[in-house]
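Report on one structure; see the data block that follows.
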Amino acid sequence: MSKNDELIHFDRIVSSKSQWLIFDLKKIWSYKDLIILFVKRDFISLYKQTILGPIWFIAEPLITMIVFTFIFGFMANLDTSSIPKPLFYLAGITMWNYFSECLIKTSNTFINNRSIFDKVYFPRIVVPISIVISGLLKFSVQILLFFIICIYYFIAHNSININVVILLFPLLILIMAGLGLGFGLIISAITTKYRDLRFLIEFGVKLLMYGTTVVYPLSMAGNYKWIILANPMTSIIETFKYGIFSKGVFDWYYLSYSFIFMIIVLFLGFVIFSKTEKSFIDTI
């Protein structure tokens with residue numbers, strides 16, 4: 001038998017058992033330490049060699065709030081449904097930032113982690129999950145800032161009227177995370193072949209913010225209200241504002257639409273991601 005005809009035997013062959021979906025949740029949980037490691041990596045790499053470091057968690061939404069209050073609140077004099085202008089904008093900015101960060105960072109999963117993916121095996125879905133968790137840490141700091149400012153306005157102006165709808169806050173976070181993860185997984189699969197799409201996505205997400213009620217109340221949409229509500233993030237932001245200020249729009253129908261939309265997008269994202277991860281290294 002010639003050398004070329006010799007059979008190569010492997011002790012272990014790593015391959016996908018599923019031809020369609022399904023991620024093994026038990027297996028993903030066994031990589032929880034790796035998820036934590038990726039979360040730490042994202043945090044350290046983001047603020048390494050920066051002057052302010054994690055203070056940017058607070059500075060970013062505050063600066064954006066000030067700019068929006070000046071431009072949209074005073075110069076454009078947009079209505080905020082009698083909600084204090086700084087709080088109105090900060091509420092929308094905080095919620096939108098978490099969604100957009102999950103989407104944009106997840107959409108770059110394959111490109112940003114190729115050097116790891118082509119050297120060692122682990123469930124690739126671990127990376128997007130770590131992105132959602134690391135974003136949640138940043139979101140926690142920013143939402144804490146928001147509630148601190150709310151306390152100030154409650155004491156100084158008595159302009160806060162929290163109601164029972166605020167109990168839906170964990171559900172709102174779940175829907176935002178699911179939407180960001182789902183859309184990000186879908187886009188990450190496409191960007192393995194068309195890399196310039198990621199620049200379009202980053203630009204598009206910034207524009208899409210103005211298709212929600214971040215800088216204006218839903219009542220200003222008029223005849224175009226149905227277009228604004230077609231964006232699943234609209235009902236999330238509106239529900240959050242209603243829970244804090246008892247002003248705005250809260251409707252179970254709208255929120256159910258966002259939840260169902262999230263389930264569909266998340267399912268499609270998992271399907272497309274699981275199919276792409278098998279061969280992405282050949283195209284990226």
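Residues in the structure tokens are numbered from 1 in each chain, the chains being A, B, ... in the order shown, and ligands are numbered from 1 in the order shown.
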- Message: Show me, as a PyMOL selection string, the residues that have an atom within 10 Å of Met209 of chain A when counting only C-alpha atoms, minus same-chain residues fewer than 6 positions from it.
- Response: chain A and resi 92-93+96-97+100+215+231+233-234
- Message: Just list as a count of residues only whatever in segment 14-262 of chain A DSSP marks as helix (DSSP H, G or I).
- Response: 188
What's around segment 75-85 of chain A at 8 Å? Count only C-alpha atoms, leave out sequence neighbours fewer than 3 positions away in its own chain, and write the answer as a compact mmCIF listing (two decimals) with C-alpha atoms, in the first residue's frame.
```txt
# COMPACT_ATOMS: atom_id res chain seq x y z
CA THR A 69 -33.06 68.34 24.29
CA PHE A 70 -31.48 71.42 22.73
CA ILE A 71 -32.18 70.56 19.07
CA PHE A 72 -35.51 68.76 19.21
CA PHE A 88 -38.33 61.90 27.45
CA TYR A 89 -35.21 61.76 25.29
CA SER A 159 -43.44 64.91 37.34
CA TYR A 216 -41.13 62.51 19.32
CA PRO A 217 -44.32 61.01 20.82
CA MET A 220 -47.23 63.27 16.37
CA PHE A 245 -44.78 58.68 33.25
CA LYS A 247 -48.30 59.22 29.43
CA GLY A 248 -48.01 57.97 25.90
```
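Those residues that approach Ile263 of chain A to within 9 Å, counting only C-alpha atoms, are Ile175, Gly178, Leu179, Gly182, Ser258 and Leu268 of chain A; same-chain residues fewer than 5 positions away are not listed.
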Emit the selected residues as a CSV table (one decimal), in the first residue's frame, including N, CA and C atoms.
```csv
chain,number,residue,atom,x,y,z
A,175,ILE,N,-37.5,41.3,24.9
A,175,ILE,CA,-37.8,41.5,23.5
A,175,ILE,C,-36.7,42.3,22.8
A,178,GLY,N,-33.8,40.0,22.2
A,178,GLY,CA,-34.2,39.0,21.1
A,178,GLY,C,-34.2,39.6,19.7
A,179,LEU,N,-34.7,40.8,19.6
A,179,LEU,CA,-34.7,41.5,18.3
A,179,LEU,C,-33.3,41.8,17.9
A,182,GLY,N,-31.6,38.4,17.0
A,182,GLY,CA,-32.1,37.8,15.8
A,182,GLY,C,-31.7,38.5,14.6
A,258,SER,N,-44.8,43.1,18.9
A,258,SER,CA,-43.4,43.2,19.0
A,258,SER,C,-42.8,41.8,19.5
A,268,LEU,N,-35.6,32.7,12.8
A,268,LEU,CA,-34.9,32.8,11.5
A,268,LEU,C,-33.4,33.0,11.7
```
- Query: If we count only C-alpha atoms, what is near Gly135 of chain A at a cut-off of 8 Å, once residues fewer than 3 positions away on the same chain are taken out, given as number ranges by chain?
  - Reply: A: 98, 101-102, 131-132, 138-139
Generate a file of the selected residues that holds N, CA and C atoms, formatted as a compact mmCIF listing (two decimals), in the first residue's frame.
```txt
# COMPACT_ATOMS: atom_id res chain seq x y z
N TYR A 98 -29.40 49.99 23.62
CA TYR A 98 -29.18 48.57 23.91
C TYR A 98 -29.53 47.72 22.69
N GLU A 101 -26.91 48.32 19.84
CA GLU A 101 -25.60 47.74 20.13
C GLU A 101 -25.62 46.23 19.96
N CYS A 102 -26.68 45.57 20.42
CA CYS A 102 -26.82 44.12 20.22
C CYS A 102 -26.83 43.78 18.74
N ILE A 131 -22.27 38.84 23.50
CA ILE A 131 -22.46 40.23 23.10
C ILE A 131 -23.73 40.80 23.74
N VAL A 132 -24.80 40.02 23.72
CA VAL A 132 -26.06 40.46 24.33
C VAL A 132 -25.90 40.67 25.83
N LYS A 138 -23.83 47.21 30.22
CA LYS A 138 -23.79 48.63 29.89
C LYS A 138 -25.18 49.24 30.04
N PHE A 139 -26.18 48.52 29.58
CA PHE A 139 -27.56 49.00 29.67
C PHE A 139 -27.97 49.18 31.13
```
- Determine the nearest neighbour of Tyr254 of chain A from the options A:Gly269, A:Ser235, A:Thr106, A:Phe183, counting only C-alpha atoms. A:Ser235
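Across the structure, atom CA of Leu137 of chain A and atom CA of Thr64 of chain A are spaced 19.3 Å apart.
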- Item | Near-Phe154 of chain A list (12 Å; only C-alpha atoms; drop same-chain fewer than 6 positions) as a list in words | Ile83, Pro84, Leu87, Phe147, Ile148, Ile160, Asn161, Ile162, Ile244 and Phe245 of chain A
- Atom pair atom CA of Leu103 of chain A / atom CA of Leu144 of chain A: separation (Å): 22.1 Å
Counting only C-alpha atoms, which residues in segment 136-213 of chain A sit no more than 12 Å from segment 121-126 of chain A? For each one, give the nearest pair of atoms and the distance in Å, sorted by chain then residue number, as JSON lines.
```
{"residue": "A:Leu181", "atom": "CA", "partner": "A:Ile125", "partner_atom": "CA", "distance": 10.2}
{"residue": "A:Gly182", "atom": "CA", "partner": "A:Ile125", "partner_atom": "CA", "distance": 11.4}
{"residue": "A:Gly184", "atom": "CA", "partner": "A:Ile125", "partner_atom": "CA", "distance": 11.4}
{"residue": "A:Leu185", "atom": "CA", "partner": "A:Ile125", "partner_atom": "CA", "distance": 8.9}
{"residue": "A:Ser188", "atom": "CA", "partner": "A:Ile125", "partner_atom": "CA", "distance": 11.4}
```
Output for the residues just chosen: C-alpha atoms as a PDB file, in the first residue's frame:
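Listed below is the output, part-v4.pdb:
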```pdb
ATOM      1  CA  LEU A 181     -29.788  39.104  18.520  1.00  0.00           C
ATOM      2  CA  GLY A 182     -32.132  37.824  15.826  1.00  0.00           C
ATOM      3  CA  GLY A 184     -27.756  40.465  14.131  1.00  0.00           C
ATOM      4  CA  LEU A 185     -27.581  36.705  13.440  1.00  0.00           C
ATOM      5  CA  SER A 188     -23.905  38.242  10.252  1.00  0.00           C
TER       6      SER A 188
END
```
- Message: Measuring between only C-alpha atoms, which one of A:Met95, A:Leu200, A:Val249, A:Met262 shows the shortest distance to Ile143 of chain A?
- Response: A:Met95
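For the atom pair formed by atom CA of Glu277 of chain A and atom CA of Ile201 of chain A, the distance is 20.5 Å, given to one decimal.
If you measure from each of A:Val67, A:Pro232, A:Asn108, A:Ser219 to Tyr253 of chain A using only C-alpha atoms, the closest one turns out to be A:Pro232.
Neighbours of segment 164-168 of chain A closer than or equal to 10 Å, with only C-alpha atoms counted and sequence neighbours fewer than 2 positions away skipped, come out as A:Ile162, A:Pro170, A:Leu171, A:Leu172, A:Ile173, A:Ile236, A:Thr239, A:Phe240, A:Lys241, A:Tyr242, A:Gly243, A:Ile244, A:Phe245, A:Ser246, A:Phe250.
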